[in-house]
Amino acid sequence: MNVTPDLKPLGLPRQELEQLFAGLGEKPFRARQLMRWMYGRGVLDPAAMTDLSGALRETLARRADFSLPLIDTLQESADGTTKWRLAAGAGQLIETVFIPEEGRGTLCVSSQVGCALDCSFCATGRQGFNRNLTAAEIIGQVVLANRELGLLAGRSRITNVVFMGMGEPLANFRALVQACSVLIDDLGFQLSRRRVTVSTSGLVPQIRKLAQETNAALAVSLHAPDDALRDVLVPINRRHPIAELLDACWDYAAATNAVGITFEYVMLAGVNDSEAQARALAKLLVNRPAKVNLIPFNPFPGSGYRRSTPEALSRFRQVLLEAGIMTITRRTRGDDIDAACGQLAGQVSNRVRVALGDKLHEIRWQA
Ligand code: SAH
Ligand code: SF4
């Protein structure tokens, strides 16, 4: 007899998985065994989980949903970057990107189908928002990529996970926290908290809440040194201006004992890349637990922006370095397959464009 799966173990934090097993009359160690299968070995077929009792295997086979997102297309860049376009149901597509580098491999995961925050330079924002991904869909991206990539010298090739794909992770708070828990857990993906990075455009209340729920690394998309410009580039700034955002960042660093907050700054020619703007940025961050990641703008059709020249970029960086702020320039990877930051567009059907006021209502509701 076939029944619709009512158990969803994938992406559940250890405690919640133990509760799921308690509901089945099983001991907590069964949850730990299942986690080892799903994440340690990438096995999602209960029949192959040989240390579970026959009855439990049978229950899981009948009632548990272990399905992964389906691969729609796979693209590989000349530089080794791999992008999967994944079906998230009902004609919706999301994207996951693997970026191999010397000594590490970073998986960039999506947290939503589309994004409602409408930053003016972002392809995902242009698409509008469709829906939040579940923790199973977020963790499913990691399981899938692990499987596809295979092991390197017996180890997973994924050493870092960054929430820099499609969507605003803090607008999908509960699923994000669940996913972080699985990524960091010794029975999950065993990543140190410094190797899991949540990138946000600046949802202040959720940054404050995040500090109570996880101690993952935080990256904040700043992009402008003053409110007038940031209001235009990152519209959420109208609700949570820079001073309020930075306060939340310093509190996050203190509460989580973080080495520092990473500030992302997309370099837009003639918009935010002058030396005066670099000095204003330095003033905001000097003597704080902060480092800056300068991102060359990745163009997409109709964006209306241009990438800063290498000279402007290096002058900007120099000002920050002279102020004692650790600053790196992110190398653009995978731009030949539109896999670079801000180029992930996927496909959003039934798109909803929400006015800022309405959207904020929805964000509060999510949290
Ligand atoms: N929503 C989150 C995370 C996803 S975006 C956030 O905004 O932080 C990941 C990073 O890509 C952010 O820093 C974002 O500002 C940046 N980004 C967006 N569009 C870009 C583009 N066209 N070129 C370069 N970076 C871009
Ligand atoms: Fe959303 Fe981030 Fe893109 Fe802004 S930059 S629209 S928050 S995905």
# chains A, B, ... in the order shown; residues from 1 in each chain; ligands from 1
>>> residues_around(residues="Val232 in chain A", least_positions_apart="2", cutoff="12 Å", atoms="only C-alpha atoms", output="JSON, numbers by chain")
{"A": [117, 118, 119, 120, 121, 222, 223, 224, 226, 227, 228, 229, 230, 234, 235, 236, 237, 238, 241, 271, 272]}
>>> residues_around(residues="Leu17 in chain A", least_positions_apart="4", cutoff="12 Å", atoms="only C-alpha atoms", output="number ranges by chain")
A: 7-13, 21-24, 26-35, 178, 181-182, 187-188
>>> residues_around(residues="Ala269 in chain A", least_positions_apart="4", cutoff="12 Å", atoms="only C-alpha atoms", output="list in words")
Phe121, Asp273, Ser274, Ile295, Pro296, Phe297, Asn298, Pro299, Gly304, Tyr305, Arg306, Arg307, Ser308, Thr309, Pro310, Glu311, Ala312, Leu313 and Phe316 of chain A
>>> residues_near_ligand(ligand="ligand 2", cutoff="6 Å", atoms="only C-alpha atoms and all ligand atoms", output="compact mmCIF listing (two decimals) with N, CA, C and O atoms, in the first residue's frame")
# COMPACT_ATOMS: atom_id res chain seq x y z
N CYS A 115 13.67 36.77 -5.14
CA CYS A 115 13.93 37.59 -3.95
C CYS A 115 13.06 38.83 -4.04
O CYS A 115 12.90 39.40 -5.11
N LEU A 117 13.59 41.67 -2.34
CA LEU A 117 14.19 42.90 -1.80
C LEU A 117 14.63 43.89 -2.88
O LEU A 117 14.93 45.02 -2.59
N ASP A 118 14.67 43.42 -4.11
CA ASP A 118 14.72 44.35 -5.24
C ASP A 118 15.94 45.28 -5.27
O ASP A 118 15.80 46.45 -5.63
N CYS A 119 17.11 44.78 -4.90
CA CYS A 119 18.31 45.60 -5.02
C CYS A 119 18.50 45.91 -6.50
O CYS A 119 18.33 45.03 -7.35
N CYS A 122 20.81 43.68 -9.01
CA CYS A 122 20.81 42.23 -8.83
C CYS A 122 19.78 41.54 -9.74
O CYS A 122 18.60 41.91 -9.74
N THR A 124 18.61 38.51 -9.56
CA THR A 124 17.58 37.77 -8.80
C THR A 124 16.47 38.73 -8.37
O THR A 124 15.29 38.42 -8.48
N GLY A 125 16.88 39.91 -7.88
CA GLY A 125 15.89 40.90 -7.44
C GLY A 125 14.95 41.30 -8.56
O GLY A 125 13.75 41.48 -8.35
N MET A 166 20.47 32.47 -4.87
CA MET A 166 19.25 33.26 -5.00
C MET A 166 18.60 33.44 -3.65
O MET A 166 18.52 32.51 -2.85
N GLY A 167 18.08 34.64 -3.41
CA GLY A 167 17.25 34.86 -2.24
C GLY A 167 17.94 35.55 -1.08
O GLY A 167 19.16 35.66 -1.03
N GLU A 168 17.12 36.02 -0.17
CA GLU A 168 17.61 36.67 1.05
C GLU A 168 17.41 35.67 2.20
O GLU A 168 16.29 35.44 2.65
N SER A 201 21.26 41.30 3.05
CA SER A 201 21.22 42.68 2.60
C SER A 201 20.93 43.62 3.77
O SER A 201 20.89 44.83 3.58
>>> atom_distance(atom1="CA of Gly103 in chain A", atom2="CA of Thr81 in chain A")
14.6 Å
>>> residues_around(residues="Ala219 in chain A", least_positions_apart="2", cutoff="10 Å", atoms="only C-alpha atoms", output="VMD selection string")
chain A and resid 162 to 164 197 to 202 216 to 217 221 to 222 249 260 to 264 290 to 293
>>> write_last_selection(atoms="N, CA and C atoms", output="tab-separated table (two decimals), in the first residue's frame")
chain	number	residue	atom	x	y	z
A	162	VAL	N	28.16	28.95	1.41
A	162	VAL	CA	27.77	30.36	1.55
A	162	VAL	C	26.33	30.54	1.04
A	163	PHE	N	25.55	31.30	1.81
A	163	PHE	CA	24.17	31.59	1.39
A	163	PHE	C	24.21	32.85	0.52
A	164	MET	N	24.77	32.68	-0.67
A	164	MET	CA	24.91	33.82	-1.58
A	164	MET	C	24.30	33.50	-2.94
A	197	THR	N	28.63	30.68	5.80
A	197	THR	CA	28.44	32.13	5.79
A	197	THR	C	27.03	32.51	5.33
A	198	VAL	N	26.37	33.28	6.19
A	198	VAL	CA	25.04	33.80	5.84
A	198	VAL	C	25.25	35.22	5.30
A	199	SER	N	24.80	35.45	4.08
A	199	SER	CA	24.93	36.79	3.49
A	199	SER	C	23.57	37.47	3.50
A	200	THR	N	23.52	38.67	4.04
A	200	THR	CA	22.24	39.39	4.10
A	200	THR	C	22.36	40.81	3.58
A	201	SER	N	21.26	41.30	3.05
A	201	SER	CA	21.22	42.68	2.60
A	201	SER	C	20.93	43.62	3.77
A	202	GLY	N	20.70	43.05	4.95
A	202	GLY	CA	20.59	43.93	6.13
A	202	GLY	C	19.24	43.93	6.83
A	216	ALA	N	27.03	31.12	12.95
A	216	ALA	CA	27.64	31.09	11.62
A	216	ALA	C	28.27	32.44	11.30
A	217	ALA	N	29.16	32.45	10.32
A	217	ALA	CA	29.78	33.71	9.90
A	217	ALA	C	28.73	34.59	9.20
A	221	SER	N	25.74	42.83	2.93
A	221	SER	CA	25.84	43.52	1.64
A	221	SER	C	25.66	45.01	1.86
A	222	LEU	N	26.75	45.72	1.99
A	222	LEU	CA	26.66	47.14	2.34
A	222	LEU	C	26.51	48.01	1.07
A	249	CYS	N	25.50	44.57	13.54
A	249	CYS	CA	26.68	43.79	13.12
A	249	CYS	C	27.68	43.68	14.27
A	260	GLY	N	35.04	38.46	12.79
A	260	GLY	CA	34.66	39.74	12.21
A	260	GLY	C	33.49	39.55	11.26
A	261	ILE	N	32.96	40.67	10.84
A	261	ILE	CA	31.86	40.65	9.87
A	261	ILE	C	32.49	40.99	8.51
A	262	THR	N	32.05	40.27	7.49
A	262	THR	CA	32.51	40.60	6.14
A	262	THR	C	31.50	41.56	5.51
A	263	PHE	N	31.99	42.67	4.99
A	263	PHE	CA	31.10	43.60	4.29
A	263	PHE	C	31.32	43.46	2.79
A	264	GLU	N	30.25	43.11	2.10
A	264	GLU	CA	30.33	42.98	0.65
A	264	GLU	C	30.02	44.33	0.02
A	290	ALA	N	35.85	44.16	11.27
A	290	ALA	CA	35.27	44.19	9.93
A	290	ALA	C	36.31	43.92	8.87
A	291	LYS	N	35.91	43.17	7.85
A	291	LYS	CA	36.74	43.12	6.65
A	291	LYS	C	35.85	43.38	5.45
A	292	VAL	N	36.46	43.78	4.35
A	292	VAL	CA	35.67	44.19	3.19
A	292	VAL	C	35.99	43.28	2.01
A	293	ASN	N	34.94	42.90	1.33
A	293	ASN	CA	35.05	42.08	0.14
A	293	ASN	C	34.53	42.90	-1.04
>>> atom_distance(atom1="CA of Asp72 in chain A", atom2="CA of Cys108 in chain A")
17.2 Å
>>> residues_around(residues="Phe98 in chain A", least_positions_apart="3", cutoff="6 Å", atoms="only C-alpha atoms", output="JSON list (two decimals) with all heavy atoms, in the first residue's frame")
[["chain", "number", "residue", "atom", "x", "y", "z"],
["A", 81, "THR", "N", 34.22, 26.18, -12.29],
["A", 81, "THR", "CA", 32.99, 26.46, -11.56],
["A", 81, "THR", "C", 31.84, 25.65, -12.18],
["A", 81, "THR", "O", 31.74, 25.55, -13.40],
["A", 81, "THR", "CB", 32.67, 27.98, -11.64],
["A", 81, "THR", "OG1", 33.76, 28.68, -11.06],
["A", 81, "THR", "CG2", 31.40, 28.32, -10.91],
["A", 82, "THR", "N", 31.02, 25.06, -11.32],
["A", 82, "THR", "CA", 29.90, 24.26, -11.81],
["A", 82, "THR", "C", 28.59, 24.89, -11.33],
["A", 82, "THR", "O", 28.48, 25.25, -10.16],
["A", 82, "THR", "CB", 29.97, 22.83, -11.25],
["A", 82, "THR", "OG1", 31.25, 22.30, -11.56],
["A", 82, "THR", "CG2", 28.90, 21.93, -11.85],
["A", 106, "THR", "N", 33.89, 25.91, -2.43],
["A", 106, "THR", "CA", 32.77, 26.66, -1.85],
["A", 106, "THR", "C", 31.48, 26.35, -2.60],
["A", 106, "THR", "O", 31.45, 26.43, -3.83],
["A", 106, "THR", "CB", 33.05, 28.17, -1.92],
["A", 106, "THR", "OG1", 34.27, 28.43, -1.24],
["A", 106, "THR", "CG2", 31.93, 28.98, -1.28],
["A", 107, "LEU", "N", 30.46, 25.98, -1.85],
["A", 107, "LEU", "CA", 29.16, 25.79, -2.46],
["A", 107, "LEU", "C", 28.28, 26.98, -2.12],
["A", 107, "LEU", "O", 28.09, 27.32, -0.96],
["A", 107, "LEU", "CB", 28.50, 24.50, -1.96],
["A", 107, "LEU", "CG", 27.28, 24.09, -2.79],
["A", 107, "LEU", "CD1", 27.71, 23.55, -4.16],
["A", 107, "LEU", "CD2", 26.45, 23.03, -2.07]]
>>> select_by_dssp(residues="range 141-253 of chain A", states="helix (DSSP H, G or I)", output="number ranges by chain")
A: 141-149, 169-184, 193-195, 204-213, 227-233, 235-238, 242-253
>>> closest_residue(among="A:Leu133, A:Val266, A:Ala280, A:Ala254", to="ligand 1", atoms="only C-alpha atoms and all ligand atoms")
A:Val266
>>> residues_around(residues="range 56-70 of chain A", least_positions_apart="6", cutoff="10 Å", atoms="only C-alpha atoms", output="PyMOL selection string")
chain A and resi 1-11+21+24+26+30+38+43-50+84-89+93-94+136-144
>>> decode(residues="range 104-249 of chain A", atoms="C-alpha atoms", output="PDB file, in the first residue's frame")
ATOM      1  CA  ARG A 104      38.954  24.659  -0.688  1.00  0.00           C
ATOM      2  CA  GLY A 105      35.626  24.251  -2.411  1.00  0.00           C
ATOM      3  CA  THR A 106      32.767  26.660  -1.848  1.00  0.00           C
ATOM      4  CA  LEU A 107      29.159  25.788  -2.464  1.00  0.00           C
ATOM      5  CA  CYS A 108      26.891  28.765  -3.015  1.00  0.00           C
ATOM      6  CA  VAL A 109      23.305  27.801  -2.163  1.00  0.00           C
ATOM      7  CA  SER A 110      19.944  29.440  -2.807  1.00  0.00           C
ATOM      8  CA  SER A 111      17.517  30.137   0.028  1.00  0.00           C
ATOM      9  CA  GLN A 112      14.460  31.358  -1.894  1.00  0.00           C
ATOM     10  CA  VAL A 113      12.941  31.142  -5.356  1.00  0.00           C
ATOM     11  CA  GLY A 114      13.610  34.731  -6.433  1.00  0.00           C
ATOM     12  CA  CYS A 115      13.931  37.588  -3.946  1.00  0.00           C
ATOM     13  CA  ALA A 116      11.600  40.385  -2.914  1.00  0.00           C
ATOM     14  CA  LEU A 117      14.191  42.896  -1.802  1.00  0.00           C
ATOM     15  CA  ASP A 118      14.724  44.346  -5.238  1.00  0.00           C
ATOM     16  CA  CYS A 119      18.311  45.598  -5.018  1.00  0.00           C
ATOM     17  CA  SER A 120      18.768  47.623  -8.171  1.00  0.00           C
ATOM     18  CA  PHE A 121      21.924  45.840  -9.424  1.00  0.00           C
ATOM     19  CA  CYS A 122      20.810  42.229  -8.834  1.00  0.00           C
ATOM     20  CA  ALA A 123      19.378  39.853 -11.443  1.00  0.00           C
ATOM     21  CA  THR A 124      17.583  37.772  -8.803  1.00  0.00           C
ATOM     22  CA  GLY A 125      15.893  40.898  -7.435  1.00  0.00           C
ATOM     23  CA  ARG A 126      14.666  41.772 -10.927  1.00  0.00           C
ATOM     24  CA  GLN A 127      12.834  38.454 -11.048  1.00  0.00           C
ATOM     25  CA  GLY A 128      10.664  39.162  -8.039  1.00  0.00           C
ATOM     26  CA  PHE A 129       9.849  36.749  -5.250  1.00  0.00           C
ATOM     27  CA  ASN A 130       8.077  33.454  -5.500  1.00  0.00           C
ATOM     28  CA  ARG A 131       8.572  31.407  -2.342  1.00  0.00           C
ATOM     29  CA  ASN A 132      10.861  30.310   0.434  1.00  0.00           C
ATOM     30  CA  LEU A 133      12.782  27.069   0.085  1.00  0.00           C
ATOM     31  CA  THR A 134      12.365  24.467   2.828  1.00  0.00           C
ATOM     32  CA  ALA A 135      15.343  23.322   4.902  1.00  0.00           C
ATOM     33  CA  ALA A 136      15.112  20.037   2.954  1.00  0.00           C
ATOM     34  CA  GLU A 137      15.502  21.957  -0.308  1.00  0.00           C
ATOM     35  CA  ILE A 138      18.457  23.944   1.029  1.00  0.00           C
ATOM     36  CA  ILE A 139      20.239  20.908   2.474  1.00  0.00           C
ATOM     37  CA  GLY A 140      19.146  18.950  -0.616  1.00  0.00           C
ATOM     38  CA  GLN A 141      21.365  21.281  -2.690  1.00  0.00           C
ATOM     39  CA  VAL A 142      24.370  20.278  -0.565  1.00  0.00           C
ATOM     40  CA  VAL A 143      23.625  16.535  -0.651  1.00  0.00           C
ATOM     41  CA  LEU A 144      23.106  16.727  -4.398  1.00  0.00           C
ATOM     42  CA  ALA A 145      26.285  18.688  -5.074  1.00  0.00           C
ATOM     43  CA  ASN A 146      28.269  16.315  -2.861  1.00  0.00           C
ATOM     44  CA  ARG A 147      26.979  13.370  -4.855  1.00  0.00           C
ATOM     45  CA  GLU A 148      27.606  15.001  -8.188  1.00  0.00           C
ATOM     46  CA  LEU A 149      31.092  16.188  -7.334  1.00  0.00           C
ATOM     47  CA  GLY A 150      32.281  12.935  -5.798  1.00  0.00           C
ATOM     48  CA  LEU A 151      35.021  12.726  -3.209  1.00  0.00           C
ATOM     49  CA  LEU A 152      38.530  14.094  -3.472  1.00  0.00           C
ATOM     50  CA  ALA A 153      41.080  11.894  -1.674  1.00  0.00           C
ATOM     51  CA  GLY A 154      38.204  10.360   0.289  1.00  0.00           C
ATOM     52  CA  ARG A 155      36.833  13.699   1.479  1.00  0.00           C
ATOM     53  CA  SER A 156      33.934  15.883   0.435  1.00  0.00           C
ATOM     54  CA  ARG A 157      35.020  18.554  -2.012  1.00  0.00           C
ATOM     55  CA  ILE A 158      32.721  21.038  -0.259  1.00  0.00           C
ATOM     56  CA  THR A 159      34.646  22.790   2.517  1.00  0.00           C
ATOM     57  CA  ASN A 160      32.564  25.979   2.718  1.00  0.00           C
ATOM     58  CA  VAL A 161      28.898  26.798   2.236  1.00  0.00           C
ATOM     59  CA  VAL A 162      27.769  30.356   1.548  1.00  0.00           C
ATOM     60  CA  PHE A 163      24.172  31.591   1.387  1.00  0.00           C
ATOM     61  CA  MET A 164      24.912  33.818  -1.583  1.00  0.00           C
ATOM     62  CA  GLY A 165      22.774  32.164  -4.227  1.00  0.00           C
ATOM     63  CA  MET A 166      19.250  33.257  -5.004  1.00  0.00           C
ATOM     64  CA  GLY A 167      17.247  34.860  -2.237  1.00  0.00           C
ATOM     65  CA  GLU A 168      17.612  36.669   1.050  1.00  0.00           C
ATOM     66  CA  PRO A 169      18.363  33.967   3.640  1.00  0.00           C
ATOM     67  CA  LEU A 170      17.246  36.028   6.639  1.00  0.00           C
ATOM     68  CA  ALA A 171      13.815  36.447   5.054  1.00  0.00           C
ATOM     69  CA  ASN A 172      13.533  32.641   5.297  1.00  0.00           C
ATOM     70  CA  PHE A 173      14.649  32.532   8.875  1.00  0.00           C
ATOM     71  CA  ARG A 174      13.465  29.195  10.223  1.00  0.00           C
ATOM     72  CA  ALA A 175      14.665  27.132   7.270  1.00  0.00           C
ATOM     73  CA  LEU A 176      17.987  28.991   7.326  1.00  0.00           C
ATOM     74  CA  VAL A 177      18.574  28.216  10.995  1.00  0.00           C
ATOM     75  CA  GLN A 178      17.656  24.560  10.468  1.00  0.00           C
ATOM     76  CA  ALA A 179      20.016  24.303   7.509  1.00  0.00           C
ATOM     77  CA  CYS A 180      22.894  25.974   9.395  1.00  0.00           C
ATOM     78  CA  SER A 181      22.436  23.520  12.233  1.00  0.00           C
ATOM     79  CA  VAL A 182      22.790  20.540   9.876  1.00  0.00           C
ATOM     80  CA  LEU A 183      25.792  22.074   8.103  1.00  0.00           C
ATOM     81  CA  ILE A 184      27.657  22.632  11.367  1.00  0.00           C
ATOM     82  CA  ASP A 185      26.620  19.425  13.187  1.00  0.00           C
ATOM     83  CA  ASP A 186      29.279  16.724  13.617  1.00  0.00           C
ATOM     84  CA  LEU A 187      26.727  14.240  12.317  1.00  0.00           C
ATOM     85  CA  GLY A 188      25.716  16.604   9.535  1.00  0.00           C
ATOM     86  CA  PHE A 189      28.264  18.133   7.182  1.00  0.00           C
ATOM     87  CA  GLN A 190      30.795  18.788   9.941  1.00  0.00           C
ATOM     88  CA  LEU A 191      31.666  22.274   8.740  1.00  0.00           C
ATOM     89  CA  SER A 192      33.171  24.641  11.253  1.00  0.00           C
ATOM     90  CA  ARG A 193      30.947  27.658  11.885  1.00  0.00           C
ATOM     91  CA  ARG A 194      33.452  29.883  10.168  1.00  0.00           C
ATOM     92  CA  ARG A 195      32.925  27.931   6.978  1.00  0.00           C
ATOM     93  CA  VAL A 196      29.195  28.579   6.861  1.00  0.00           C
ATOM     94  CA  THR A 197      28.441  32.132   5.786  1.00  0.00           C
ATOM     95  CA  VAL A 198      25.044  33.797   5.836  1.00  0.00           C
ATOM     96  CA  SER A 199      24.932  36.785   3.489  1.00  0.00           C
ATOM     97  CA  THR A 200      22.241  39.388   4.103  1.00  0.00           C
ATOM     98  CA  SER A 201      21.221  42.684   2.603  1.00  0.00           C
ATOM     99  CA  GLY A 202      20.589  43.925   6.126  1.00  0.00           C
ATOM    100  CA  LEU A 203      17.452  42.668   7.867  1.00  0.00           C
ATOM    101  CA  VAL A 204      18.354  44.063  11.271  1.00  0.00           C
ATOM    102  CA  PRO A 205      15.820  42.299  13.540  1.00  0.00           C
ATOM    103  CA  GLN A 206      16.731  38.963  11.981  1.00  0.00           C
ATOM    104  CA  ILE A 207      20.476  39.602  12.393  1.00  0.00           C
ATOM    105  CA  ARG A 208      19.807  40.140  16.088  1.00  0.00           C
ATOM    106  CA  LYS A 209      17.719  36.970  16.279  1.00  0.00           C
ATOM    107  CA  LEU A 210      20.293  34.979  14.327  1.00  0.00           C
ATOM    108  CA  ALA A 211      22.876  35.605  17.039  1.00  0.00           C
ATOM    109  CA  GLN A 212      20.652  33.662  19.448  1.00  0.00           C
ATOM    110  CA  GLU A 213      20.152  30.738  17.064  1.00  0.00           C
ATOM    111  CA  THR A 214      23.475  30.102  15.369  1.00  0.00           C
ATOM    112  CA  ASN A 215      27.008  31.404  15.330  1.00  0.00           C
ATOM    113  CA  ALA A 216      27.642  31.090  11.623  1.00  0.00           C
ATOM    114  CA  ALA A 217      29.778  33.705   9.898  1.00  0.00           C
ATOM    115  CA  LEU A 218      27.922  36.810   8.782  1.00  0.00           C
ATOM    116  CA  ALA A 219      28.422  38.737   5.546  1.00  0.00           C
ATOM    117  CA  VAL A 220      26.528  41.974   5.030  1.00  0.00           C
ATOM    118  CA  SER A 221      25.844  43.515   1.639  1.00  0.00           C
ATOM    119  CA  LEU A 222      26.664  47.144   2.337  1.00  0.00           C
ATOM    120  CA  HIS A 223      27.421  48.525  -1.154  1.00  0.00           C
ATOM    121  CA  ALA A 224      27.264  52.209  -0.156  1.00  0.00           C
ATOM    122  CA  PRO A 225      28.825  54.357   2.572  1.00  0.00           C
ATOM    123  CA  ASP A 226      25.821  56.669   3.039  1.00  0.00           C
ATOM    124  CA  ASP A 227      22.079  56.264   3.416  1.00  0.00           C
ATOM    125  CA  ALA A 228      21.103  58.387   0.408  1.00  0.00           C
ATOM    126  CA  LEU A 229      22.911  56.041  -1.983  1.00  0.00           C
ATOM    127  CA  ARG A 230      22.166  52.838  -0.095  1.00  0.00           C
ATOM    128  CA  ASP A 231      18.442  53.692  -0.127  1.00  0.00           C
ATOM    129  CA  VAL A 232      18.650  53.452  -3.929  1.00  0.00           C
ATOM    130  CA  LEU A 233      20.912  50.413  -4.278  1.00  0.00           C
ATOM    131  CA  VAL A 234      19.558  48.314  -1.413  1.00  0.00           C
ATOM    132  CA  PRO A 235      15.984  49.509  -0.747  1.00  0.00           C
ATOM    133  CA  ILE A 236      15.706  47.672   2.600  1.00  0.00           C
ATOM    134  CA  ASN A 237      17.992  50.464   3.847  1.00  0.00           C
ATOM    135  CA  ARG A 238      14.978  52.783   3.985  1.00  0.00           C
ATOM    136  CA  ARG A 239      13.666  50.643   6.806  1.00  0.00           C
ATOM    137  CA  HIS A 240      16.997  49.789   8.456  1.00  0.00           C
ATOM    138  CA  PRO A 241      19.558  52.530   7.775  1.00  0.00           C
ATOM    139  CA  ILE A 242      23.306  52.062   7.956  1.00  0.00           C
ATOM    140  CA  ALA A 243      23.855  53.126  11.587  1.00  0.00           C
ATOM    141  CA  GLU A 244      21.227  50.682  12.835  1.00  0.00           C
ATOM    142  CA  LEU A 245      22.614  47.931  10.607  1.00  0.00           C
ATOM    143  CA  LEU A 246      26.188  48.423  11.785  1.00  0.00           C
ATOM    144  CA  ASP A 247      25.111  48.370  15.442  1.00  0.00           C
ATOM    145  CA  ALA A 248      23.493  44.995  14.852  1.00  0.00           C
ATOM    146  CA  CYS A 249      26.680  43.792  13.124  1.00  0.00           C
TER     147      CYS A 249
END
